[in-house]
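J.: Just one file: my_file22.txt, with compact mmCIF, C-alpha atoms and all ligand atoms.
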# COMPACT_ATOMS: atom_id res chain seq x y z
CA MET B 25 -29.39 -20.97 -34.48
CA SER B 26 -26.67 -22.60 -36.56
CA ALA B 27 -24.12 -24.81 -34.81
CA ALA B 28 -21.42 -22.26 -35.62
CA SER B 29 -23.25 -19.42 -33.85
CA GLN B 30 -24.11 -21.39 -30.69
CA PRO B 31 -22.33 -20.25 -27.50
CA ILE B 32 -20.57 -23.59 -27.12
CA ARG B 33 -17.11 -24.15 -25.71
CA ASN B 34 -15.30 -26.86 -23.75
CA ARG B 35 -16.41 -30.20 -25.09
CA GLY B 36 -19.87 -29.03 -26.12
CA GLU B 37 -20.90 -27.56 -22.73
CA THR B 38 -22.84 -24.31 -22.96
CA THR B 39 -21.01 -21.45 -21.24
CA PRO B 40 -23.30 -19.91 -18.63
CA PRO B 41 -23.72 -16.13 -18.88
CA ALA B 42 -21.35 -14.02 -16.82
CA PRO B 43 -22.76 -12.46 -13.65
CA THR B 44 -24.32 -9.13 -14.62
CA HIS B 45 -22.78 -7.16 -11.76
CA VAL B 46 -19.53 -7.99 -9.97
CA GLY B 47 -18.27 -6.05 -6.94
CA ILE B 48 -14.66 -6.33 -5.76
CA ILE B 49 -13.18 -5.43 -2.39
CA MET B 50 -9.58 -4.97 -3.50
CA ASP B 51 -7.59 -5.94 -0.43
CA GLY B 52 -3.98 -6.78 0.34
CA ASN B 53 -1.89 -3.96 -1.15
CA GLY B 54 -0.20 -3.31 2.21
CA ARG B 55 0.65 -6.98 2.82
CA TRP B 56 1.96 -7.31 -0.75
CA ALA B 57 4.31 -4.38 -0.09
CA ALA B 58 5.35 -5.67 3.36
CA ALA B 59 6.18 -9.10 1.91
CA ARG B 60 8.61 -7.37 -0.48
CA GLY B 61 9.98 -4.92 2.06
CA VAL B 62 8.88 -1.96 -0.07
CA PRO B 63 6.79 1.10 0.94
CA ARG B 64 3.00 0.69 1.06
CA ALA B 65 2.75 3.26 -1.74
CA LEU B 66 4.30 0.71 -4.11
CA GLY B 67 1.67 -1.81 -3.03
CA HIS B 68 -1.07 0.65 -3.97
CA LYS B 69 0.67 1.40 -7.28
CA ALA B 70 0.80 -2.33 -8.07
CA GLY B 71 -2.85 -2.47 -6.95
CA ALA B 72 -3.71 0.15 -9.56
CA GLU B 73 -2.12 -2.10 -12.23
CA ALA B 74 -4.27 -4.99 -11.02
CA THR B 75 -7.29 -2.71 -11.29
CA ARG B 76 -6.51 -2.17 -14.98
CA ARG B 77 -6.24 -5.94 -15.52
CA ALA B 78 -9.53 -6.59 -13.70
CA ILE B 79 -11.41 -3.99 -15.77
CA GLU B 80 -10.11 -5.51 -19.00
CA ALA B 81 -10.90 -9.07 -17.85
CA ALA B 82 -14.41 -8.12 -16.72
CA GLY B 83 -15.15 -6.62 -20.15
CA GLU B 84 -13.83 -9.73 -21.89
CA LEU B 85 -15.92 -12.03 -19.68
CA GLY B 86 -19.09 -10.12 -20.61
CA VAL B 87 -19.68 -8.60 -17.15
CA SER B 88 -21.92 -5.52 -17.61
CA TRP B 89 -21.35 -3.82 -14.24
CA LEU B 90 -18.18 -3.76 -12.16
CA THR B 91 -17.99 -1.95 -8.82
CA LEU B 92 -14.55 -1.53 -7.26
CA PHE B 93 -14.08 -0.53 -3.62
CA ALA B 94 -11.09 1.79 -3.92
CA PHE B 95 -11.33 4.07 -0.87
CA SER B 96 -13.70 3.61 2.06
CA SER B 97 -15.09 6.31 4.30
CA GLU B 98 -12.97 4.66 7.02
CA ASN B 99 -9.75 4.91 4.95
CA TRP B 100 -9.55 8.63 5.86
CA ARG B 101 -8.29 7.41 9.26
CA ARG B 102 -5.06 6.09 7.71
CA PRO B 103 -1.86 8.12 8.16
CA ALA B 104 -1.89 11.35 6.14
CA ASP B 105 0.92 10.25 3.81
CA GLU B 106 -0.95 7.07 2.85
CA VAL B 107 -4.18 9.02 2.24
CA ARG B 108 -2.14 11.39 0.05
CA ASP B 109 -0.62 8.47 -1.89
CA LEU B 110 -4.02 6.87 -2.45
CA THR B 111 -5.81 10.04 -3.51
CA GLY B 112 -2.83 10.95 -5.72
CA LEU B 113 -3.14 7.57 -7.44
CA MET B 114 -6.87 8.09 -7.99
CA ARG B 115 -6.25 11.54 -9.47
CA HIS B 116 -3.56 10.17 -11.75
CA TYR B 117 -6.04 7.53 -12.87
CA LEU B 118 -8.78 10.10 -13.51
CA ARG B 119 -6.40 12.31 -15.51
CA HIS B 120 -4.51 9.76 -17.55
CA GLU B 121 -6.55 6.59 -17.92
CA VAL B 122 -9.85 7.94 -19.14
CA GLY B 123 -8.78 7.65 -22.79
CA GLN B 124 -8.11 3.96 -22.20
CA LEU B 125 -11.56 3.55 -20.65
CA VAL B 126 -13.15 5.19 -23.70
CA GLU B 127 -11.22 2.80 -26.00
CA GLN B 128 -12.50 -0.15 -23.98
CA GLY B 129 -16.12 1.09 -24.05
CA VAL B 130 -16.16 1.67 -20.28
CA ARG B 131 -18.52 4.12 -18.62
CA LEU B 132 -17.09 5.39 -15.33
CA ARG B 133 -19.16 6.52 -12.38
CA ILE B 134 -17.92 7.40 -8.92
CA ILE B 135 -20.09 6.38 -5.96
CA GLY B 136 -19.54 7.62 -2.41
CA ASP B 137 -19.12 11.03 -0.82
CA ARG B 138 -17.23 12.98 -3.48
CA SER B 139 -17.71 16.18 -1.45
CA ALA B 140 -15.01 14.82 0.89
CA PHE B 141 -12.43 15.55 -1.85
CA GLY B 142 -11.11 18.93 -2.87
CA PRO B 143 -12.69 20.94 -5.71
CA GLY B 144 -9.92 19.96 -8.16
CA MET B 145 -10.51 16.26 -7.72
CA GLN B 146 -14.29 16.75 -7.81
CA ALA B 147 -13.93 18.53 -11.16
CA GLU B 148 -11.75 15.67 -12.48
CA ILE B 149 -14.36 13.14 -11.37
CA GLU B 150 -17.09 15.04 -13.22
CA GLN B 151 -14.92 15.39 -16.30
CA ALA B 152 -14.14 11.64 -16.38
CA GLU B 153 -17.81 10.76 -15.91
CA THR B 154 -18.83 13.11 -18.71
CA VAL B 155 -16.16 11.92 -21.15
CA THR B 156 -17.13 8.24 -20.64
CA ALA B 157 -20.91 8.80 -20.42
CA GLY B 158 -21.57 7.50 -23.95
CA ASN B 159 -19.94 4.10 -23.34
CA ALA B 160 -22.02 1.01 -22.67
CA ARG B 161 -19.83 -2.12 -22.95
CA LEU B 162 -18.91 -2.09 -19.26
CA ASN B 163 -20.31 0.12 -16.51
CA LEU B 164 -17.53 0.76 -14.00
CA ASN B 165 -18.36 2.15 -10.58
CA VAL B 166 -15.42 3.19 -8.44
CA ALA B 167 -16.40 3.60 -4.78
CA LEU B 168 -14.47 6.53 -3.29
CA SER B 169 -14.99 7.78 0.25
CA TYR B 170 -17.77 5.22 0.24
CA GLY B 171 -19.50 3.53 3.18
CA GLY B 172 -22.63 1.41 2.88
CA ARG B 173 -24.16 2.59 6.16
CA ALA B 174 -23.61 6.24 5.28
CA GLU B 175 -25.19 5.64 1.87
CA ILE B 176 -28.31 4.09 3.46
CA ALA B 177 -28.52 6.86 6.10
CA LYS B 178 -28.26 9.50 3.36
CA ALA B 179 -31.07 7.83 1.39
CA ALA B 180 -33.25 7.65 4.52
CA GLY B 181 -32.58 11.34 5.21
CA ALA B 182 -33.53 12.30 1.65
CA LEU B 183 -36.79 10.36 1.92
CA ALA B 184 -37.55 11.91 5.33
CA ARG B 185 -37.00 15.42 3.94
CA ARG B 186 -39.27 14.70 0.98
CA ALA B 187 -41.96 13.32 3.31
CA ALA B 188 -41.66 16.34 5.63
CA ALA B 189 -42.02 18.66 2.63
CA GLY B 190 -45.22 16.83 1.64
CA GLU B 191 -43.72 15.58 -1.63
CA ILE B 192 -44.25 11.92 -0.78
CA ASP B 193 -46.56 9.98 1.51
CA PRO B 194 -44.51 8.36 4.33
CA ALA B 195 -46.66 5.24 3.87
CA SER B 196 -45.32 4.92 0.32
CA ILE B 197 -41.72 4.46 1.49
CA ASP B 198 -40.76 0.92 0.59
CA GLU B 199 -37.61 -0.95 -0.50
CA ALA B 200 -37.85 0.39 -4.04
CA ALA B 201 -38.13 3.98 -2.76
CA LEU B 202 -35.04 3.58 -0.61
CA ALA B 203 -33.07 1.88 -3.40
CA ALA B 204 -33.96 4.78 -5.69
CA HIS B 205 -32.17 7.17 -3.31
CA LEU B 206 -28.92 5.21 -3.06
CA ASP B 207 -25.81 6.12 -5.09
CA THR B 208 -26.57 2.99 -7.13
CA ALA B 209 -30.12 4.06 -8.06
CA GLY B 210 -31.16 2.40 -11.31
CA MET B 211 -28.27 -0.09 -11.28
CA PRO B 212 -28.69 -3.85 -10.85
CA ASP B 213 -27.70 -5.33 -7.48
CA PRO B 214 -24.37 -7.18 -7.49
CA ASP B 215 -24.63 -10.90 -8.25
CA LEU B 216 -21.09 -11.65 -7.12
CA ILE B 217 -18.91 -9.90 -4.56
CA ILE B 218 -15.24 -10.83 -4.42
CA ARG B 219 -12.80 -9.98 -1.66
CA THR B 220 -9.13 -10.67 -2.09
CA SER B 221 -6.33 -11.27 0.42
CA GLY B 222 -8.05 -14.03 2.38
CA GLU B 223 -10.12 -11.72 4.61
CA SER B 224 -13.78 -12.79 4.88
CA ARG B 225 -15.61 -9.54 5.64
CA ILE B 226 -17.91 -7.22 3.73
CA SER B 227 -16.43 -4.09 5.44
CA ASN B 228 -19.33 -1.69 4.77
CA PHE B 229 -19.34 -2.36 0.99
CA LEU B 230 -22.70 -2.24 -0.85
CA LEU B 231 -24.56 -3.23 2.35
CA TRP B 232 -28.06 -2.75 0.97
CA GLN B 233 -27.26 -4.05 -2.49
CA CYS B 234 -25.45 -7.25 -1.42
CA ALA B 235 -28.60 -8.87 0.01
CA TYR B 236 -28.49 -11.80 -2.45
CA ALA B 237 -24.97 -11.53 -3.78
CA GLU B 238 -22.78 -14.62 -3.82
CA LEU B 239 -19.65 -13.92 -1.77
CA VAL B 240 -16.33 -15.29 -2.98
CA PHE B 241 -13.20 -14.83 -0.88
CA GLN B 242 -9.92 -15.39 -2.67
CA PRO B 243 -6.52 -15.69 -0.95
CA VAL B 244 -4.62 -13.75 -3.64
CA LEU B 245 -3.34 -10.29 -2.64
CA TRP B 246 -4.87 -7.58 -4.84
CA PRO B 247 -1.63 -6.52 -6.63
CA ASP B 248 -1.28 -10.14 -7.86
CA TYR B 249 -4.84 -10.26 -9.20
CA GLY B 250 -5.23 -11.20 -12.84
CA ALA B 251 -7.77 -12.37 -15.39
CA GLU B 252 -7.37 -15.97 -14.22
CA HIS B 253 -8.49 -15.04 -10.69
CA LEU B 254 -11.59 -13.29 -11.99
CA ARG B 255 -12.36 -16.33 -14.16
CA GLU B 256 -11.98 -18.61 -11.08
CA ALA B 257 -14.35 -16.41 -9.05
CA VAL B 258 -16.92 -16.47 -11.86
CA ALA B 259 -16.56 -20.27 -12.11
CA GLU B 260 -17.21 -20.52 -8.35
CA PHE B 261 -20.25 -18.24 -8.80
CA HIS B 262 -21.61 -20.65 -11.41
CA ARG B 263 -21.26 -23.56 -8.96
CA ARG B 264 -23.53 -21.80 -6.46
CA ASP B 265 -27.27 -22.52 -6.29
CA ARG B 266 -29.00 -19.13 -6.12
CA ARG B 267 -32.50 -19.40 -4.67
CA PHE B 268 -33.23 -15.82 -3.51
CA GLY B 269 -35.05 -17.24 -0.46
CA ALA B 270 -37.28 -19.54 -2.52
CA ARG B 271 -37.12 -23.34 -2.88
CA THR B 272 -36.06 -25.16 -5.98
CA GLY B 273 -37.74 -28.49 -5.14
C1 LIG B 301 -6.60 -2.37 0.41
O1 LIG B 301 -5.29 -2.75 0.69
C2 LIG B 301 -6.64 -1.43 -0.68
C3 LIG B 301 -6.93 -0.09 -0.57
C4 LIG B 301 -7.24 0.55 0.71
C5 LIG B 301 -6.92 0.81 -1.71
C6 LIG B 301 -7.34 0.24 -3.04
C7 LIG B 301 -6.67 1.04 -4.08
C8 LIG B 301 -6.15 0.54 -5.21
C9 LIG B 301 -6.28 -0.86 -5.61
C10 LIG B 301 -5.35 1.39 -6.12
C11 LIG B 301 -6.00 2.47 -6.87
C12 LIG B 301 -7.31 2.24 -7.47
C13 LIG B 301 -7.75 2.90 -8.55
C14 LIG B 301 -9.18 2.84 -8.95
C15 LIG B 301 -6.84 3.70 -9.36
P1 LIG B 301 -4.72 -2.47 2.14
O2 LIG B 301 -3.87 -1.25 2.07
O3 LIG B 301 -5.83 -2.41 3.13
O4 LIG B 301 -3.86 -3.75 2.32
P2 LIG B 301 -3.54 -4.52 3.67
O5 LIG B 301 -4.87 -4.97 4.23
O6 LIG B 301 -2.70 -5.66 3.19
O7 LIG B 301 -2.81 -3.56 4.55
Would you mind giving the structure from this file in structure tokens?
Ligand code: FPP

T.:
Amino acid sequence: MSAASQPIRNRGETTPPAPTHVGIIMDGNGRWAAARGVPRALGHKAGAEATRRAIEAAGELGVSWLTLFAFSSENWRRPADEVRDLTGLMRHYLRHEVGQLVEQGVRLRIIGDRSAFGPGMQAEIEQAETVTAGNARLNLNVALSYGGRAEIAKAAGALARRAAAGEIDPASIDEAALAAHLDTAGMPDPDLIIRTSGESRISNFLLWQCAYAELVFQPVLWPDYGAEHLREAVAEFHRRDRRFGARTG
């Protein structure tokens, strides 16, 4: 490799590869709005802008998979007007931002219980997934009506039904079999999970998949999130010593 083509930056240090899969728990829209004395809906709108910045920054950093926790199965318990604002924002995104995703080489997939949404939104989800299906620069998962426990329970139920029907031997059910029945089947596990707003919880996000993820909690409220915050989280990831249960010495 010639010196010019080597991946060298910053005083000759080699830049480590970006984490393959980054998950983000986007938290703090409500507090951002409260701090400004504006309605929560404006916090979510500003959060959607931050989402755009994060997608762009992830692509530029060379991240291959990005999973964003946008609406949890528990978020249905919020007041009806807030649920309406959030789902309205998602629909707007599905209708109007897909062209931008195509331009950026982003493939969109929705994980979670899409049957919880109305037929119109379900059709828009399918349409957006189909239109972006040929893109490969960045795989973007948006978790909607998603809960990690529900996802695992659904996978267990599917395996139990297949065993009861005689399609599979119950003794063959192992970790790989369960993983193959999750919404994330065939995707790499997250290497890095970020939560913003200073809260240090996983909140039912990618429970099975986060087994060996590095967790980074950042104080910034989601609407203020920018490329520099993602770069900081990735730098922190690179400072971690990942052993996957083994010993290095
Ligand atoms: C958490 O803030 C954020 C959410 C519940 C929704 C996340 C949604 C977005 C970032 C906008 C839309 C996303 C897409 C993909 C278009 P919170 O309301 O829990 O904040 P708080 O903890 O400060 O009250």

J.: If the limit is 9 Å from any atom of ligand LIG 301 (chain B), counting only C-alpha atoms and all ligand atoms, which residues qualify? Return them as a PyMOL selection string.

T.: chain B and resi 49-58+64-65+67-76+92-96+99+106+110-111+113-118+166-168+221+223+245-247

J.: My list of candidates is B:Pro143, B:Gly86, B:Gly171, B:Gly123. Which is closest to Val155 (chain B) when distances are computed with all atoms listed in the file?

T.: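 Going through B:Pro143, B:Gly86, B:Gly171, B:Gly123 one by one, the smallest distance to Val155 (chain B) is for B:Gly123.
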
J.: Under the rule that all atoms listed in the file are counted, which of B:Thr44, B:Gln124, B:Ser139, B:Asn228 is the nearest residue to Ile176 (chain B)?

T.: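 Closest residue, counting all atoms listed in the file: B:Asn228.
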
J.: In Å, how far is it from CA of Ala235 (chain B) to CA of Arg77 (chain B)?

T.: 27.4 Å

J.: Just give me the gap between CA of Gly210 (chain B) and CA of Tyr170 (chain B) in Å, one decimal is fine.

T.: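 We find that CA of Gly210 (chain B) and CA of Tyr170 (chain B) lie 17.9 Å from each other.
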
J.: Tell me which protein, DNA and RNA residues are within 7 Å of His45 (chain B), counting all atoms listed in the file, leaving out same-chain ones fewer than 6 positions away, and put them as a list in words.

T.: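 Surrounding residues, per the criterion: Val87, Ser88, Trp89, Leu90, Pro212, Asp213, Pro214, Asp215 and Leu216 of chain B.
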
J.: In Å to one decimal, how far is CA of Gly269 (chain B) from CA of Leu239 (chain B)?

T.: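 Computed distance, CA of Leu239 (chain B) to CA of Gly269 (chain B), equals 15.8 Å.
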
J.: Find, counting only C-alpha atoms, the residue in B:Thr39, B:Thr91, B:Gln128, B:Gln146 that gets nearest to Gln233 (chain B).

T.: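 Nearest candidate to Gln233 (chain B) out of B:Thr39, B:Thr91, B:Gln128, B:Gln146: B:Thr91.
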
J.: Taking all atoms listed in the file into account, which of B:Asn165, B:Glu84, B:Phe261, B:Ala179 comes nearest Arg133 (chain B)?

T.: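 Closest to Arg133 (chain B) of all the choices is B:Asn165.
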
J.: Given all atoms listed in the file as the basis, pick out the residue of B:Leu183, B:Ile149, B:Cys234, B:Ile135 nearest to Asp198 (chain B).

T.: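 Of the candidates, the smallest distance to Asp198 (chain B) is held by B:Leu183.
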
J.: Select, from B:Leu66, B:Val126, B:Ile218, B:Leu85, the residue with the minimum atom-to-atom distance to Ala157 (chain B), counting all atoms listed in the file.

T.: B:Val126

J.: Can you tell me, as a list in words, what residues are no more than 12 Å from Ala184 (chain B) when counting all atoms listed in the file, ignoring any on the same chain fewer than 5 positions away?

T.: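 Listed by chain and then number, they are Ala177, Lys178, Ala179, Ala189, Gly190, Glu191, Ile192, Asp193, Pro194, Ala195, Ser196, Ile197, Ala201, Leu202 and His205 of chain B.
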